[in-house]
$ cat work11.tsv   # TSV, C-alpha atoms and all ligand atoms
chain	number	residue	atom	x	y	z
A	1	MET	CA	9.38	-70.24	-22.82
A	2	ARG	CA	9.98	-67.27	-25.09
A	3	PRO	CA	13.16	-67.47	-27.20
A	4	ASP	CA	14.55	-64.30	-25.63
A	5	GLN	CA	14.37	-65.98	-22.21
A	6	LEU	CA	16.79	-68.60	-23.51
A	7	LEU	CA	19.14	-66.28	-25.38
A	8	TYR	CA	19.32	-62.53	-25.75
A	9	PRO	CA	21.81	-59.92	-26.95
A	10	ALA	CA	23.76	-58.39	-24.05
A	11	PRO	CA	26.59	-55.86	-24.46
A	12	GLU	CA	29.13	-58.70	-24.09
A	13	GLY	CA	27.41	-60.83	-26.75
A	14	LEU	CA	24.56	-63.36	-26.93
A	15	PHE	CA	23.75	-64.41	-23.38
A	16	CYS	CA	21.98	-67.50	-22.05
A	17	PRO	CA	20.86	-66.55	-18.53
A	18	ILE	CA	19.70	-70.09	-17.62
A	19	GLY	CA	22.95	-71.67	-18.78
A	20	GLY	CA	25.07	-68.81	-17.47
A	21	PHE	CA	27.10	-68.56	-20.66
A	22	TYR	CA	27.74	-66.25	-23.58
A	23	VAL	CA	28.22	-67.20	-27.22
A	24	ASP	CA	31.18	-65.46	-28.92
A	25	PRO	CA	31.41	-62.69	-26.30
A	26	VAL	CA	33.37	-59.65	-27.40
A	27	ARG	CA	34.52	-58.93	-23.83
A	28	PRO	CA	36.04	-61.27	-21.24
A	29	VAL	CA	33.33	-63.26	-19.41
A	30	GLU	CA	33.24	-66.13	-16.91
A	31	ARG	CA	31.89	-68.71	-19.36
A	32	ALA	CA	32.11	-68.52	-23.16
A	33	LEU	CA	31.02	-70.80	-25.98
A	34	VAL	CA	33.05	-69.95	-29.08
A	35	THR	CA	31.96	-70.72	-32.65
A	36	HIS	CA	35.33	-70.27	-34.40
A	37	GLY	CA	38.80	-68.82	-34.15
A	38	HIS	CA	38.45	-65.48	-35.97
A	39	SER	CA	39.50	-62.74	-33.59
A	40	ASP	CA	36.12	-60.99	-33.51
A	41	HIS	CA	34.44	-64.20	-32.26
A	42	ALA	CA	37.24	-65.75	-30.22
A	43	ARG	CA	38.69	-63.31	-27.72
A	44	ALA	CA	41.32	-64.01	-25.08
A	45	GLY	CA	40.68	-63.66	-21.36
A	46	HIS	CA	37.53	-65.68	-20.63
A	47	GLY	CA	37.28	-67.76	-17.45
A	48	ARG	CA	36.11	-70.92	-19.20
A	49	VAL	CA	35.89	-71.62	-22.93
A	50	LEU	CA	33.91	-74.38	-24.62
A	51	ALA	CA	34.72	-74.88	-28.31
A	52	THR	CA	35.80	-77.52	-30.80
A	53	ARG	CA	39.32	-78.94	-30.33
A	54	GLN	CA	40.47	-77.12	-33.47
A	55	THR	CA	39.06	-73.78	-32.38
A	56	LEU	CA	40.76	-74.16	-28.98
A	57	ASP	CA	44.05	-75.04	-30.72
A	58	ILE	CA	43.70	-72.02	-33.00
A	59	MET	CA	43.03	-69.75	-29.99
A	60	ARG	CA	46.17	-71.10	-28.33
A	61	ILE	CA	48.21	-70.49	-31.49
A	62	ARG	CA	46.96	-66.91	-31.72
A	63	TYR	CA	46.86	-65.86	-28.06
A	64	GLY	CA	49.28	-68.19	-26.29
A	65	ASP	CA	48.83	-70.73	-23.50
A	66	GLY	CA	47.01	-68.42	-21.10
A	67	PHE	CA	44.20	-67.56	-23.55
A	68	ALA	CA	41.56	-68.70	-21.03
A	69	GLY	CA	41.31	-69.81	-17.41
A	70	SER	CA	40.26	-73.29	-18.56
A	71	GLU	CA	39.12	-74.94	-21.75
A	72	GLN	CA	36.81	-77.77	-22.71
A	73	ALA	CA	36.74	-79.38	-26.15
A	74	VAL	CA	33.48	-80.55	-27.67
A	75	GLY	CA	33.04	-82.77	-30.71
A	76	PHE	CA	30.50	-82.18	-33.49
A	77	GLY	CA	27.18	-83.70	-32.50
A	78	GLU	CA	28.23	-84.37	-28.91
A	79	GLU	CA	25.49	-83.54	-26.37
A	80	LEU	CA	26.34	-81.43	-23.36
A	81	THR	CA	24.18	-79.97	-20.66
A	82	ILE	CA	25.12	-76.70	-19.01
A	83	ASN	CA	22.86	-75.80	-16.07
A	84	SER	CA	19.94	-77.68	-17.65
A	85	VAL	CA	20.50	-76.13	-21.10
A	86	ARG	CA	21.33	-78.63	-23.84
A	87	VAL	CA	24.19	-77.55	-26.06
A	88	GLN	CA	25.43	-79.10	-29.31
A	89	PHE	CA	28.04	-78.00	-31.83
A	90	HIS	CA	27.57	-78.63	-35.57
A	91	PRO	CA	29.88	-77.84	-38.54
A	92	ALA	CA	29.54	-74.35	-40.05
A	93	GLY	CA	31.77	-74.70	-43.14
A	94	HIS	CA	33.46	-71.35	-42.46
A	95	VAL	CA	37.06	-72.14	-41.37
A	96	LEU	CA	38.79	-75.12	-39.74
A	97	GLY	CA	37.00	-75.99	-36.49
A	98	SER	CA	34.10	-73.59	-37.11
A	99	ALA	CA	30.80	-74.54	-35.54
A	100	GLN	CA	27.19	-73.53	-35.21
A	101	ILE	CA	25.94	-73.83	-31.66
A	102	ALA	CA	22.50	-75.24	-30.90
A	103	VAL	CA	21.09	-74.15	-27.54
A	104	GLU	CA	18.00	-76.03	-26.37
A	105	LYS	CA	15.66	-76.01	-23.39
A	106	ASP	CA	12.14	-77.43	-22.92
A	107	GLY	CA	11.81	-78.26	-26.61
A	108	LEU	CA	12.86	-74.79	-27.81
A	109	ARG	CA	15.97	-74.85	-29.99
A	110	ILE	CA	17.97	-71.80	-31.06
A	111	VAL	CA	20.86	-72.22	-33.49
A	112	VAL	CA	23.64	-69.64	-33.44
A	113	SER	CA	25.28	-70.15	-36.81
A	114	GLY	CA	28.28	-67.87	-36.15
A	115	ASP	CA	29.88	-67.35	-39.54
A	116	TYR	CA	29.04	-70.03	-42.11
A	117	LYS	CA	29.06	-70.79	-45.79
A	118	ARG	CA	27.52	-73.41	-48.06
A	119	ARG	CA	30.17	-73.63	-50.80
A	120	PRO	CA	32.36	-76.73	-50.83
A	121	ASP	CA	35.64	-76.05	-49.00
A	122	PRO	CA	38.10	-78.91	-48.45
A	123	THR	CA	39.84	-76.98	-45.64
A	124	CYS	CA	36.99	-77.50	-43.15
A	125	ALA	CA	33.99	-79.66	-42.31
A	126	ALA	CA	30.95	-78.83	-44.45
A	127	TYR	CA	27.98	-76.87	-43.08
A	128	VAL	CA	25.17	-79.04	-41.77
A	129	PRO	CA	21.60	-77.69	-41.69
A	130	VAL	CA	20.21	-77.91	-38.16
A	131	ALA	CA	16.44	-77.68	-37.70
A	132	CYS	CA	15.51	-75.01	-35.16
A	133	ASP	CA	12.84	-72.70	-33.85
A	134	VAL	CA	15.07	-69.65	-34.04
A	135	PHE	CA	17.92	-69.34	-36.52
A	136	ILE	CA	20.53	-66.71	-35.74
A	137	THR	CA	22.47	-65.64	-38.80
A	138	GLU	CA	24.98	-63.01	-39.81
A	139	ALA	CA	24.38	-60.95	-42.93
A	140	THR	CA	27.83	-59.77	-43.98
A	141	PHE	CA	26.81	-60.12	-47.64
A	142	GLY	CA	23.10	-59.72	-46.99
A	143	LEU	CA	22.14	-57.74	-50.06
A	144	PRO	CA	20.77	-59.14	-53.33
A	145	VAL	CA	23.74	-57.66	-55.23
A	146	PHE	CA	26.10	-60.09	-53.52
A	147	HIS	CA	26.54	-63.20	-55.64
A	148	HIS	CA	29.89	-64.84	-55.15
A	149	PRO	CA	31.34	-66.52	-58.22
A	150	ASP	CA	32.68	-70.08	-58.23
A	151	PRO	CA	35.97	-69.96	-56.29
A	152	MET	CA	37.55	-72.29	-58.84
A	153	ASP	CA	36.85	-69.73	-61.61
A	154	GLU	CA	38.58	-67.09	-59.48
A	155	THR	CA	41.53	-69.45	-59.04
A	156	GLU	CA	41.67	-69.89	-62.83
A	157	LYS	CA	41.93	-66.09	-63.13
A	158	LEU	CA	44.99	-66.20	-60.93
A	159	LEU	CA	46.55	-69.00	-62.99
A	160	ALA	CA	45.82	-67.05	-66.19
A	161	SER	CA	47.55	-64.00	-64.72
A	162	LEU	CA	50.59	-66.13	-63.82
A	163	ARG	CA	50.78	-67.26	-67.44
A	164	GLN	CA	50.30	-63.73	-68.76
A	165	PHE	CA	52.89	-62.15	-66.43
A	166	PRO	CA	55.46	-64.89	-65.87
A	167	GLU	CA	58.03	-62.43	-64.46
A	168	ARG	CA	55.86	-60.76	-61.88
A	169	THR	CA	55.56	-61.87	-58.26
A	170	HIS	CA	51.88	-62.49	-57.55
A	171	LEU	CA	51.29	-61.21	-54.04
A	172	ILE	CA	48.00	-62.50	-52.66
A	173	GLY	CA	46.48	-60.83	-49.65
A	174	ALA	CA	44.48	-63.37	-47.64
A	175	TYR	CA	43.43	-63.43	-43.99
A	176	ALA	CA	45.69	-65.60	-41.87
A	177	LEU	CA	43.00	-67.95	-40.56
A	178	GLY	CA	41.00	-69.77	-43.19
A	179	LYS	CA	41.32	-67.66	-46.31
A	180	ALA	CA	45.05	-68.12	-46.76
A	181	GLN	CA	44.80	-71.91	-46.46
A	182	ARG	CA	41.76	-72.00	-48.72
A	183	VAL	CA	43.49	-70.01	-51.46
A	184	ILE	CA	46.52	-72.30	-51.26
A	185	ARG	CA	44.30	-75.37	-51.39
A	186	LEU	CA	42.30	-73.97	-54.34
A	187	LEU	CA	45.57	-73.49	-56.24
A	188	ARG	CA	46.57	-77.07	-55.48
A	189	ASP	CA	43.17	-78.39	-56.57
A	190	ALA	CA	43.58	-76.40	-59.80
A	191	GLY	CA	46.83	-78.27	-60.45
A	192	TYR	CA	49.37	-75.67	-59.30
A	193	SER	CA	52.24	-77.73	-57.90
A	194	LYS	CA	55.13	-75.24	-57.53
A	195	PRO	CA	56.18	-74.14	-54.04
A	196	ILE	CA	53.98	-71.37	-52.63
A	197	TYR	CA	55.75	-68.74	-50.54
A	198	ILE	CA	54.09	-67.58	-47.35
A	199	HIS	CA	54.57	-64.59	-45.07
A	200	GLY	CA	55.85	-65.44	-41.56
A	201	ALA	CA	52.47	-64.51	-40.04
A	202	LEU	CA	50.87	-67.48	-41.83
A	203	GLU	CA	53.42	-70.14	-40.97
A	204	THR	CA	51.99	-71.50	-37.72
A	205	LEU	CA	48.39	-71.65	-38.91
A	206	CYS	CA	49.35	-73.23	-42.24
A	207	GLY	CA	51.42	-75.76	-40.30
A	208	TYR	CA	48.44	-76.45	-38.05
A	209	TYR	CA	46.11	-77.00	-41.02
A	210	ALA	CA	48.63	-79.36	-42.61
A	211	GLY	CA	48.89	-81.24	-39.29
A	212	GLN	CA	45.10	-81.63	-39.32
A	213	GLY	CA	45.31	-83.38	-42.67
A	214	ILE	CA	44.55	-80.42	-44.95
A	215	VAL	CA	46.96	-80.92	-47.85
A	216	LEU	CA	48.57	-77.58	-48.79
A	217	GLY	CA	51.59	-78.81	-50.76
A	218	GLU	CA	55.07	-77.31	-50.49
A	219	LEU	CA	55.13	-74.01	-48.59
A	220	LEU	CA	58.31	-71.96	-48.26
A	221	PRO	CA	59.00	-68.80	-46.25
A	222	ALA	CA	58.70	-65.57	-48.24
A	223	THR	CA	61.62	-63.93	-46.49
A	224	ILE	CA	63.30	-61.85	-49.09
A	225	GLU	CA	66.42	-60.99	-47.04
A	226	SER	CA	67.68	-64.52	-47.03
A	227	ARG	CA	66.89	-65.32	-50.62
A	228	ASP	CA	67.89	-64.27	-54.05
A	229	GLN	CA	65.01	-62.08	-55.20
A	230	SER	CA	64.95	-63.77	-58.58
A	231	ILE	CA	63.35	-66.90	-57.10
A	232	PHE	CA	60.17	-64.88	-56.55
A	233	LYS	CA	59.85	-64.04	-60.25
A	234	GLY	CA	56.54	-65.44	-61.36
A	235	ALA	CA	55.98	-66.98	-57.93
A	236	VAL	CA	52.88	-66.96	-55.76
A	237	VAL	CA	53.39	-65.25	-52.41
A	238	VAL	CA	50.57	-65.30	-49.85
A	239	GLY	CA	50.51	-62.86	-46.95
A	240	PRO	CA	48.03	-61.23	-44.58
A	241	PRO	CA	46.45	-58.09	-46.08
A	242	SER	CA	48.13	-55.96	-43.41
A	243	ALA	CA	51.58	-56.93	-44.72
A	244	PHE	CA	50.88	-55.38	-48.08
A	245	SER	CA	51.47	-51.84	-46.96
A	246	ASP	CA	54.78	-52.91	-45.37
A	247	ARG	CA	58.24	-52.61	-46.79
A	248	TRP	CA	58.04	-56.40	-47.03
A	249	ALA	CA	55.70	-56.22	-50.01
A	250	ARG	CA	57.61	-53.52	-51.84
A	251	ARG	CA	60.78	-55.57	-52.01
A	252	PHE	CA	59.40	-58.07	-54.46
A	253	TYR	CA	60.21	-57.64	-58.09
A	254	ASP	CA	57.41	-55.93	-60.03
A	255	PRO	CA	54.75	-57.28	-57.64
A	256	LEU	CA	51.22	-57.89	-58.85
A	257	PRO	CA	48.88	-57.22	-55.93
A	258	ALA	CA	45.94	-59.59	-55.61
A	259	PHE	CA	43.44	-59.92	-52.77
A	260	ALA	CA	41.14	-62.84	-51.95
A	261	SER	CA	37.96	-61.59	-50.29
A	262	GLY	CA	34.23	-61.50	-50.78
A	263	TRP	CA	34.56	-57.72	-50.76
A	264	MET	CA	36.47	-57.87	-54.03
A	265	MET	CA	33.04	-57.92	-55.67
A	266	VAL	CA	32.99	-54.23	-54.91
A	267	ARG	CA	35.27	-52.69	-57.53
A	268	GLN	CA	35.64	-49.51	-55.51
A	269	ARG	CA	37.20	-51.44	-52.62
A	270	ALA	CA	39.66	-53.23	-54.87
A	271	LYS	CA	40.64	-49.89	-56.40
A	272	GLN	CA	41.05	-48.18	-53.02
A	273	LEU	CA	43.33	-50.98	-51.84
A	274	GLY	CA	45.42	-50.84	-54.99
A	275	VAL	CA	44.47	-54.39	-55.90
A	276	GLU	CA	45.30	-55.25	-59.49
A	277	LEU	CA	43.82	-58.74	-59.39
A	278	PRO	CA	40.67	-58.97	-57.23
A	279	LEU	CA	39.76	-62.59	-56.36
A	280	VAL	CA	36.18	-62.92	-55.11
A	281	ILE	CA	36.68	-65.77	-52.66
A	282	SER	CA	34.54	-65.56	-49.55
A	283	ASP	CA	34.15	-67.66	-46.43
A	284	HIS	CA	30.69	-66.19	-45.89
A	285	CYS	CA	27.33	-66.86	-47.47
A	286	ASP	CA	26.33	-64.63	-50.34
A	287	TRP	CA	22.70	-63.50	-50.70
A	288	PRO	CA	21.45	-66.66	-52.44
A	289	GLU	CA	23.14	-68.87	-49.83
A	290	LEU	CA	21.64	-66.86	-46.95
A	291	THR	CA	18.13	-66.93	-48.34
A	292	GLU	CA	18.33	-70.56	-49.50
A	293	THR	CA	19.51	-71.59	-46.03
A	294	ILE	CA	16.56	-69.87	-44.37
A	295	SER	CA	14.17	-71.38	-46.93
A	296	GLU	CA	15.63	-74.80	-46.25
A	297	LEU	CA	15.53	-74.54	-42.45
A	298	LYS	CA	12.10	-72.93	-42.26
A	299	PRO	CA	12.73	-71.64	-38.73
A	300	GLY	CA	9.91	-70.09	-36.74
A	301	GLU	CA	11.96	-66.93	-36.38
A	302	VAL	CA	15.20	-65.41	-37.70
A	303	TRP	CA	17.51	-63.11	-35.77
A	304	VAL	CA	20.22	-61.28	-37.71
A	305	THR	CA	23.37	-60.48	-35.76
A	306	HIS	CA	25.30	-58.04	-37.92
A	307	GLY	CA	26.07	-57.00	-41.47
A	308	ARG	CA	23.33	-55.88	-43.91
A	309	GLU	CA	20.64	-56.75	-41.40
A	310	GLU	CA	17.70	-54.78	-42.70
A	311	ALA	CA	17.59	-56.33	-46.17
A	312	LEU	CA	17.64	-59.87	-44.82
A	313	VAL	CA	15.04	-59.06	-42.15
A	314	ARG	CA	12.80	-57.59	-44.83
A	315	TRP	CA	13.27	-60.65	-47.04
A	316	CYS	CA	12.29	-62.96	-44.15
A	317	GLU	CA	9.18	-60.93	-43.45
A	318	LEU	CA	8.16	-61.17	-47.11
A	319	GLN	CA	8.43	-64.97	-46.74
A	320	GLY	CA	6.18	-64.82	-43.67
A	321	ILE	CA	9.04	-65.56	-41.25
A	322	PRO	CA	9.23	-63.17	-38.29
A	323	ALA	CA	12.71	-61.65	-38.14
A	324	LYS	CA	14.60	-59.02	-36.21
A	325	PRO	CA	18.02	-57.40	-36.29
A	326	LEU	CA	20.14	-57.80	-33.17
A	327	HIS	CA	22.60	-55.02	-34.03
A	328	LEU	CA	25.45	-56.87	-32.35
A	329	ILE	CA	28.52	-54.70	-32.07
A	330	GLY	CA	32.08	-55.89	-32.46
A	331	TYR	CA	31.87	-58.43	-35.25
A	332	GLU	CA	33.83	-56.96	-38.10
A	333	ASP	CA	34.89	-60.21	-39.54
A	334	GLU	CA	38.56	-60.59	-40.18
A	335	GLY	CA	37.84	-63.42	-42.53
A	336	ASP	CA	35.57	-62.23	-45.30
B	401	ZN	ZN	34.67	-65.63	-39.16
$ encode --input "work11.tsv" --output "structure tokens"
Amino acid sequence: MRPDQLLYPAPEGLFCPIGGFYVDPVRPVERALVTHGHSDHARAGHGRVLATRQTLDIMRIRYGDGFAGSEQAVGFGEELTINSVRVQFHPAGHVLGSAQIAVEKDGLRIVVSGDYKRRPDPTCAAYVPVACDVFITEATFGLPVFHHPDPMDETEKLLASLRQFPERTHLIGAYALGKAQRVIRLLRDAGYSKPIYIHGALETLCGYYAGQGIVLGELLPATIESRDQSIFKGAVVVGPPSAFSDRWARRFYDPLPAFASGWMMVRQRAKQLGVELPLVISDHCDWPELTETISELKPGEVWVTHGREEALVRWCELQGIPAKPLHLIGYEDEGD
């Protein structure tokens, strides 16, 4: 069997015609396998959804009870067969519940890695390399210029800023699923024990993470109406990036805008967003992680879903690994 008979890019997303399912479809379909809860991968409105328990919970939190016709939870490493296609989920190290999906038939195994990273992250299960014939990878940071620094060094920058500007409210923009909890956890691991104030949009997901055993310390609502503004002096406030253009953000005393994202490597972006303290903390692989993963897996073929596809495809070809871009549309990750 050729790999593209087992899985191919359709307008809705990667499609397995034998299994009759899509992986991370961007439009409502009858049967979807979902790698993780970010909104570009996990959409509402599918007939049936197969995902990890945590991803299903996260979808329910974000979309409500009717997010799918029916749901089925799968554990890491559990073997399932869907219309004679063997399916297994493995940890991807991206956000809580995130998985790579291995699709196998007649000895041919394709791994859809979804979004993944290799850096240690105590807020989710660590990436596991899965041997395969075809490895499907994203390439959000698929250019040699992208080297993400150690996230703990970035956290130290934030702590240094808090010492340097003890009066200013440090407002940290971080995506609601994954990044916000990771930033909070990094601060805790760096020894920051004061309460951290969170925007209302983060409350449910932070509560869910804490309920799953991810220690985030004391979190308090960052609702300025009900509180004396002076308590936010020198405090850390975490909110979704979208909240930073709101009136909400402007009410804090002398706010110091920070943003946690892999894109903060690009000075221009930080400047455009008015970010005073860029924190390069990414939930994606940087270039060395992407290329080291492919070197480690030694797949027969690499397919690149989206991002800086051409550079990674070229790199694979130089290593003697056939590769092709899939040009998948609709994955503008909310979590980089
Ligand atoms: Zn993602």
$ residues_near_ligand --input "work11.tsv" --ligand "ligand ZN 401 (chain B)" --cutoff "10 Å" --atoms "only C-alpha atoms and all ligand atoms" --output "number ranges by chain"
A: 35-42, 94-95, 98, 114-116, 177-179, 283-284, 331-336
$ closest_residue --input "work11.tsv" --among "A:Leu171, A:Leu56, A:Leu162, A:Val304" --to "Ala243 of chain A" --atoms "only C-alpha atoms"
A:Leu171
$ closest_residue --input "work11.tsv" --among "A:Cys316, A:Ile136, A:Ala270, A:Leu96" --to "Pro9 of chain A" --atoms "only C-alpha atoms"
A:Ile136
$ residues_around --input "work11.tsv" --residues "Gly300 of chain A" --least-positions-apart "5" --cutoff "8 Å" --atoms "all atoms listed in the file" --output "ChimeraX atom specification"
/A:132-134,321-322
$ residues_around --input "work11.tsv" --residues "Ser161 of chain A" --least-positions-apart "3" --cutoff "10 Å" --atoms "all atoms listed in the file" --output "NGL selection string"
:A and (155-158 or 164-166 or 168 or 170 or 234 or 256 or 277)
$ write_last_selection --input "work11.tsv" --atoms "C-alpha atoms" --output "PDB file, in the frame of the given file"
ATOM      1  CA  THR A 155      41.530 -69.450 -59.040  1.00  0.00           C
ATOM      2  CA  GLU A 156      41.670 -69.890 -62.830  1.00  0.00           C
ATOM      3  CA  LYS A 157      41.930 -66.090 -63.130  1.00  0.00           C
ATOM      4  CA  LEU A 158      44.990 -66.200 -60.930  1.00  0.00           C
ATOM      5  CA  GLN A 164      50.300 -63.730 -68.760  1.00  0.00           C
ATOM      6  CA  PHE A 165      52.890 -62.150 -66.430  1.00  0.00           C
ATOM      7  CA  PRO A 166      55.460 -64.890 -65.870  1.00  0.00           C
ATOM      8  CA  ARG A 168      55.860 -60.760 -61.880  1.00  0.00           C
ATOM      9  CA  HIS A 170      51.880 -62.490 -57.550  1.00  0.00           C
ATOM     10  CA  GLY A 234      56.540 -65.440 -61.360  1.00  0.00           C
ATOM     11  CA  LEU A 256      51.220 -57.890 -58.850  1.00  0.00           C
ATOM     12  CA  LEU A 277      43.820 -58.740 -59.390  1.00  0.00           C
TER      13      LEU A 277
END
$ residues_near_point --input "work11.tsv" --point "(27.5, -57.3, -35.4)" --cutoff "8 Å" --atoms "all atoms listed in the file" --output "list in words"
Glu138, Thr305, His306, Gly307, Leu326, His327, Leu328, Ile329, Gly330, Tyr331 and Glu332 of chain A
$ atom_distance --input "work11.tsv" --atom1 "atom CA of Leu187 of chain A" --atom2 "atom CA of Gly217 of chain A"
9.7 Å
$ axis_aligned_box --input "work11.tsv" --around "segment 148-165 of chain A" --padding-each-side "3 Å" --output "JSON"
{"center_x": 41.4, "center_y": -67.2, "center_z": -62.0, "size_x": 29.0, "size_y": 16.1, "size_z": 19.6}
$ atom_distance --input "work11.tsv" --atom1 "atom CA of Gly97 of chain A" --atom2 "atom CA of Glu154 of chain A"
24.7 Å
$ residues_near_point --input "work11.tsv" --point "(56.1, -58.3, -42.5)" --cutoff "12 Å" --atoms "all atoms listed in the file" --output "PyMOL selection string"
chain A and resi 198-202+221-225+238-251
$ closest_residue --input "work11.tsv" --among "A:Gly69, A:Gly262, A:Gly45, A:Pro17" --to "Val280 of chain A" --atoms "all atoms listed in the file"
A:Gly262
$ atom_distance --input "work11.tsv" --atom1 "atom CA of Glu218 of chain A" --atom2 "atom CA of Cys206 of chain A"
10.8 Å
$ closest_residue --input "work11.tsv" --among "A:Phe259, A:Ile214, A:Gly64, A:Ile101" --to "Leu273 of chain A" --atoms "all atoms listed in the file"
A:Phe259
$ closest_residue --input "work11.tsv" --among "A:Glu30, A:Gln5, A:Ala125, A:Gly20" --to "Asp106 of chain A" --atoms "all atoms listed in the file"
A:Gln5
$ closest_residue --input "work11.tsv" --among "A:Ala68, A:Val34, A:Leu312, A:Ile58" --to "Gly207 of chain A" --atoms "only C-alpha atoms"
A:Ile58
$ residues_around --input "work11.tsv" --residues "Glu296 of chain A" --least-positions-apart "3" --cutoff "12 Å" --atoms "all atoms listed in the file" --output "ChimeraX atom specification"
/A:128-132,135,288-293,299
$ write_last_selection --input "work11.tsv" --atoms "C-alpha atoms" --output "mmCIF file, in the frame of the given file"
data_model
loop_
_atom_site.group_PDB
_atom_site.id
_atom_site.type_symbol
_atom_site.label_atom_id
_atom_site.label_comp_id
_atom_site.auth_asym_id
_atom_site.auth_seq_id
_atom_site.Cartn_x
_atom_site.Cartn_y
_atom_site.Cartn_z
ATOM 1 C CA VAL A 128 25.170 -79.040 -41.770
ATOM 2 C CA PRO A 129 21.600 -77.690 -41.690
ATOM 3 C CA VAL A 130 20.210 -77.910 -38.160
ATOM 4 C CA ALA A 131 16.440 -77.680 -37.700
ATOM 5 C CA CYS A 132 15.510 -75.010 -35.160
ATOM 6 C CA PHE A 135 17.920 -69.340 -36.520
ATOM 7 C CA PRO A 288 21.450 -66.660 -52.440
ATOM 8 C CA GLU A 289 23.140 -68.870 -49.830
ATOM 9 C CA LEU A 290 21.640 -66.860 -46.950
ATOM 10 C CA THR A 291 18.130 -66.930 -48.340
ATOM 11 C CA GLU A 292 18.330 -70.560 -49.500
ATOM 12 C CA THR A 293 19.510 -71.590 -46.030
ATOM 13 C CA PRO A 299 12.730 -71.640 -38.730
#
$ residues_around --input "work11.tsv" --residues "Tyr253 of chain A" --least-positions-apart "4" --cutoff "9 Å" --atoms "only C-alpha atoms" --output "PyMOL selection string"
chain A and resi 167-169+229-230+232-233
